[in-house]
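Enquirer: Below you'll find the structure I mean.
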Amino acid sequence: MAIIYSKSSGTVDAQIGRLETPIKMIIEHESDQLSRAGGVRDWLFCVEDSDRFGETIVGQNEFDVFTSVEEGAGAENDELRETYRKFIEHIQFMKEFTITAQMMEDARYGVAADAKRRAENFTRAYYKTQHKICEYALANGTEASGVFARAKLDLTAPDGLPLFSQNHVWGSGARSGTQSNLFAGDVFCSGTERTPSAATFEAALANLSVRLRNMKDENGEPLGYTADTIVLPGNRPIAEQIAKKVCGSEGALGNGYNDINLHFGNWNVVILPTWQSEDDRVMIMSSEANRNLAGNLFFNRVPLSVSNWVDHHTGNYIWNGRCRFGVGFGSYKHILLAVDSTASGLGTPIA
């Protein structure tokens, strides 16, 4: 979404007047560059615009297969049932920066360079906020709620449980059940000494892919989506190295039999820098399921709106930015989390 810029009104200092248009151009240029560059928000979330207070995601069961009927007979009536409802509220975020009256008076021509740097960083902070809130929501998906930049976030899936849970609910009434998208076991390490190996991760990746593919829809039928995205914490270098080797090697690692690597070319590896984990863990996601099931959701309600004015009490030149957006999860069936641990209770056993 484009940045909205409001120029200060009334009589302003000539020096300030010479800065307004260049700063506006810098802010808009930085916005264009950063929008094209992308980030976690664009790689892992469905980004949509919104013109309401919040967005409600409603889930329904799917139509069953067509049934055979005798000649001249009527069709069997099928029905759609609402199975869940999820509301994502938009949150307001704001930031200001100030160029003091003394700086305007004393810096002379240098004030333009300083204002340029501040304007560039101001826009970067806007996009950094969006990407980091998306990282935070995923990294804390085992919790029902969290706090990011003083904003309380709802991190639950539509069934009211945290995004990652062993007891997620599908369907409603008599046609319902539970399923897990939180697993624990040998992901990167195996044996009593918990030695990391590519072979262990290769086997776990195959197992987890099948788990995601067999995630049930609201009728209890396997969805059949193919996992294609691996998400890793930013502070686990050995796990990151193993994942990249497994996904980037044509042959199977760790043997001399020239076996093919079934994972080669089938995965995108995404590292979340602010996801700092005390153990090795990995998220597996289907980007197609993420789109089709409205999984990870980011709603732009109000783009960065920038205004500026001179504070008559201090003579300082003030820039203010305001925006609103919402983050949440419309499904849990597009993604799963696996923790490398043999401790019970951390997740459904992988094997």
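Going by the structure tokens order, chains are called A, B, ..., each with residues numbered from 1, while ligands are numbered from 1 in the order shown.
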Compile the contact shell of A:Tyr136 as JSON, numbers by chain: residues with an atom at most 10 Å away, counting only C-alpha atoms, same-chain residues fewer than 3 positions apart removed.
Expert: {"A": [131, 132, 133, 139, 140, 141, 146, 147, 148, 153, 155, 272, 274, 275]}
Enquirer: Can those selected residues be exported to a file as a compact mmCIF listing (two decimals), in the first residue's frame so that it contains N, CA and C atoms?
Expert:
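What landed in again_39.txt:
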# COMPACT_ATOMS: atom_id res chain seq x y z
N HIS A 131 7.47 -6.93 9.46
CA HIS A 131 8.14 -8.22 9.35
C HIS A 131 8.37 -8.85 10.72
N LYS A 132 8.74 -8.02 11.71
CA LYS A 132 9.05 -8.57 13.03
C LYS A 132 7.80 -9.04 13.77
N ILE A 133 6.65 -8.40 13.53
CA ILE A 133 5.44 -8.87 14.18
C ILE A 133 5.01 -10.22 13.59
N ALA A 139 6.95 -17.48 15.78
CA ALA A 139 7.90 -18.00 16.77
C ALA A 139 7.23 -18.31 18.10
N ASN A 140 6.13 -17.62 18.41
CA ASN A 140 5.42 -17.82 19.67
C ASN A 140 4.10 -18.55 19.46
N GLY A 141 4.03 -19.32 18.38
CA GLY A 141 2.79 -20.00 18.02
C GLY A 141 2.37 -21.13 18.94
N GLY A 146 0.35 -13.19 22.99
CA GLY A 146 1.67 -12.63 23.19
C GLY A 146 1.61 -11.12 23.11
N VAL A 147 2.71 -10.48 23.45
CA VAL A 147 2.78 -9.02 23.42
C VAL A 147 3.96 -8.61 22.55
N PHE A 148 3.68 -7.82 21.53
CA PHE A 148 4.71 -7.31 20.63
C PHE A 148 4.60 -5.80 20.59
N LEU A 153 -1.37 -9.66 21.12
CA LEU A 153 -1.71 -10.41 19.92
C LEU A 153 -2.44 -11.71 20.27
N LEU A 155 -2.80 -15.32 19.25
CA LEU A 155 -2.01 -16.28 18.48
C LEU A 155 -2.72 -17.62 18.33
N LEU A 272 14.28 -17.22 10.46
CA LEU A 272 13.69 -16.10 11.20
C LEU A 272 14.73 -15.58 12.19
N THR A 274 14.83 -13.26 14.46
CA THR A 274 14.44 -12.96 15.84
C THR A 274 13.85 -14.17 16.56
N TRP A 275 13.73 -15.30 15.86
CA TRP A 275 13.30 -16.54 16.51
C TRP A 275 14.52 -17.18 17.16
Enquirer: Which parts of stretch 225-337 of chain A does DSSP call alpha helix (DSSP H) when run on the backbone here, written out as a VMD selection string?
Expert: chain A and resid 237 to 248 287 to 292
Enquirer: With stretch 27-46 of chain A as the partner and 9 Å as the cut-off, tabulate the residues of stretch 110-220 of chain A that qualify, each row holding the nearest pair of atoms and their distance in Å to one decimal, using only C-alpha atoms, sorted by chain and rising number, as a Markdown table.
Expert:
| residue | atom | partner | partner_atom | distance |
| --- | --- | --- | --- | --- |
| A:Lys116 | CA | A:Ile27 | CA | 8.8 |
| A:Ala119 | CA | A:Ile27 | CA | 5.9 |
| A:Glu120 | CA | A:Ile27 | CA | 6.1 |
| A:Asn121 | CA | A:Glu30 | CA | 8.9 |
| A:Phe122 | CA | A:Ile27 | CA | 7.8 |
| A:Thr123 | CA | A:Ile27 | CA | 6.0 |
| A:Arg124 | CA | A:Glu30 | CA | 7.4 |
| A:Tyr127 | CA | A:Leu34 | CA | 7.3 |
| A:Lys128 | CA | A:Gly39 | CA | 8.9 |
| A:Gln130 | CA | A:Arg41 | CA | 6.8 |
| A:His131 | CA | A:Arg41 | CA | 5.1 |
| A:Lys132 | CA | A:Val40 | CA | 7.9 |
| A:Ile133 | CA | A:Arg41 | CA | 8.6 |
| A:Cys134 | CA | A:Arg41 | CA | 5.9 |
| A:Glu135 | CA | A:Val40 | CA | 6.8 |
Enquirer: Based on the selection just made, write N, CA and C atoms of those residues as an mmCIF file, in the first residue's frame.
Expert:
data_model
loop_
_atom_site.group_PDB
_atom_site.id
_atom_site.type_symbol
_atom_site.label_atom_id
_atom_site.label_comp_id
_atom_site.auth_asym_id
_atom_site.auth_seq_id
_atom_site.Cartn_x
_atom_site.Cartn_y
_atom_site.Cartn_z
ATOM 1 N N LYS A 116 17.703 13.364 5.743
ATOM 2 C CA LYS A 116 17.585 12.257 4.788
ATOM 3 C C LYS A 116 17.784 10.921 5.487
ATOM 4 N N ALA A 119 14.754 10.125 7.628
ATOM 5 C CA ALA A 119 13.589 9.743 6.823
ATOM 6 C C ALA A 119 13.723 8.318 6.301
ATOM 7 N N GLU A 120 14.924 7.948 5.860
ATOM 8 C CA GLU A 120 15.153 6.586 5.377
ATOM 9 C C GLU A 120 14.925 5.572 6.501
ATOM 10 N N ASN A 121 15.487 5.864 7.678
ATOM 11 C CA ASN A 121 15.334 4.948 8.804
ATOM 12 C C ASN A 121 13.882 4.881 9.282
ATOM 13 N N PHE A 122 13.160 5.982 9.137
ATOM 14 C CA PHE A 122 11.760 6.035 9.545
ATOM 15 C C PHE A 122 10.934 5.039 8.734
ATOM 16 N N THR A 123 11.156 5.018 7.427
ATOM 17 C CA THR A 123 10.420 4.102 6.565
ATOM 18 C C THR A 123 10.848 2.660 6.810
ATOM 19 N N ARG A 124 12.148 2.459 7.001
ATOM 20 C CA ARG A 124 12.625 1.108 7.296
ATOM 21 C C ARG A 124 11.986 0.579 8.580
ATOM 22 N N TYR A 127 8.493 -0.942 7.882
ATOM 23 C CA TYR A 127 8.505 -2.295 7.330
ATOM 24 C C TYR A 127 9.105 -3.296 8.308
ATOM 25 N N LYS A 128 10.099 -2.861 9.083
ATOM 26 C CA LYS A 128 10.682 -3.753 10.089
ATOM 27 C C LYS A 128 9.627 -4.169 11.099
ATOM 28 N N GLN A 130 6.430 -4.532 10.567
ATOM 29 C CA GLN A 130 5.544 -5.521 9.954
ATOM 30 C C GLN A 130 6.207 -6.896 9.881
ATOM 31 N N HIS A 131 7.466 -6.929 9.461
ATOM 32 C CA HIS A 131 8.143 -8.218 9.353
ATOM 33 C C HIS A 131 8.367 -8.851 10.721
ATOM 34 N N LYS A 132 8.740 -8.023 11.711
ATOM 35 C CA LYS A 132 9.051 -8.568 13.027
ATOM 36 C C LYS A 132 7.801 -9.037 13.768
ATOM 37 N N ILE A 133 6.654 -8.402 13.530
ATOM 38 C CA ILE A 133 5.439 -8.870 14.175
ATOM 39 C C ILE A 133 5.011 -10.216 13.595
ATOM 40 N N CYS A 134 5.280 -10.412 12.299
ATOM 41 C CA CYS A 134 4.997 -11.706 11.671
ATOM 42 C C CYS A 134 5.932 -12.782 12.230
ATOM 43 N N GLU A 135 7.215 -12.452 12.372
ATOM 44 C CA GLU A 135 8.160 -13.388 12.983
ATOM 45 C C GLU A 135 7.719 -13.744 14.397
#
Enquirer: If you count only C-alpha atoms, which residues fall within 12 Å of A:Ser249, apart from same-chain ones fewer than 6 positions away, as a list in words?
Expert: Ala198, Glu202, Gln241, Ile242, Ala243, Asn258, Asp259, Ile260, Asn261, Leu262, His263, Phe264, Gly265, Asn266 and Trp267 of chain A
Enquirer: Can you write out the residues you just picked, keeping N, CA and C atoms, as a compact mmCIF listing (two decimals), in the first residue's frame?
Expert:
# COMPACT_ATOMS: atom_id res chain seq x y z
N ALA A 198 22.58 -35.42 9.02
CA ALA A 198 21.72 -35.12 7.87
C ALA A 198 20.73 -36.25 7.63
N GLU A 202 16.77 -35.86 7.20
CA GLU A 202 16.15 -36.30 5.95
C GLU A 202 14.96 -37.21 6.22
N GLN A 241 22.64 -25.55 8.96
CA GLN A 241 23.58 -26.15 8.03
C GLN A 241 23.06 -27.49 7.50
N ILE A 242 22.53 -28.31 8.41
CA ILE A 242 22.00 -29.62 8.00
C ILE A 242 20.82 -29.45 7.05
N ALA A 243 19.90 -28.54 7.37
CA ALA A 243 18.72 -28.34 6.53
C ALA A 243 19.11 -27.89 5.12
N ASN A 258 25.24 -43.61 -3.95
CA ASN A 258 24.68 -42.74 -5.00
C ASN A 258 23.15 -42.71 -4.98
N ASP A 259 22.58 -42.82 -3.79
CA ASP A 259 21.12 -42.72 -3.68
C ASP A 259 20.68 -41.30 -4.03
N ILE A 260 19.52 -41.19 -4.66
CA ILE A 260 19.00 -39.87 -4.97
C ILE A 260 18.43 -39.23 -3.70
N ASN A 261 18.45 -37.92 -3.65
CA ASN A 261 17.89 -37.17 -2.53
C ASN A 261 16.50 -36.69 -2.94
N LEU A 262 15.49 -37.27 -2.34
CA LEU A 262 14.11 -36.94 -2.72
C LEU A 262 13.71 -35.53 -2.33
N HIS A 263 14.50 -34.89 -1.47
CA HIS A 263 14.18 -33.53 -1.04
C HIS A 263 14.82 -32.46 -1.92
N PHE A 264 15.74 -32.84 -2.78
CA PHE A 264 16.48 -31.86 -3.58
C PHE A 264 15.54 -31.05 -4.47
N GLY A 265 15.63 -29.72 -4.36
CA GLY A 265 14.84 -28.82 -5.22
C GLY A 265 13.40 -28.66 -4.83
N ASN A 266 12.97 -29.28 -3.71
CA ASN A 266 11.56 -29.24 -3.34
C ASN A 266 11.24 -28.30 -2.19
N TRP A 267 12.27 -27.62 -1.65
CA TRP A 267 12.07 -26.82 -0.45
C TRP A 267 12.63 -25.42 -0.57
Enquirer: Just checking: using only C-alpha atoms, which residue out of A:Ala144, A:Val269, A:Ala227, A:Leu232 ends up closest to A:Cys247?
Expert: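 Of A:Ala144, A:Val269, A:Ala227, A:Leu232, the one nearest A:Cys247, counting only C-alpha atoms, is A:Val269.
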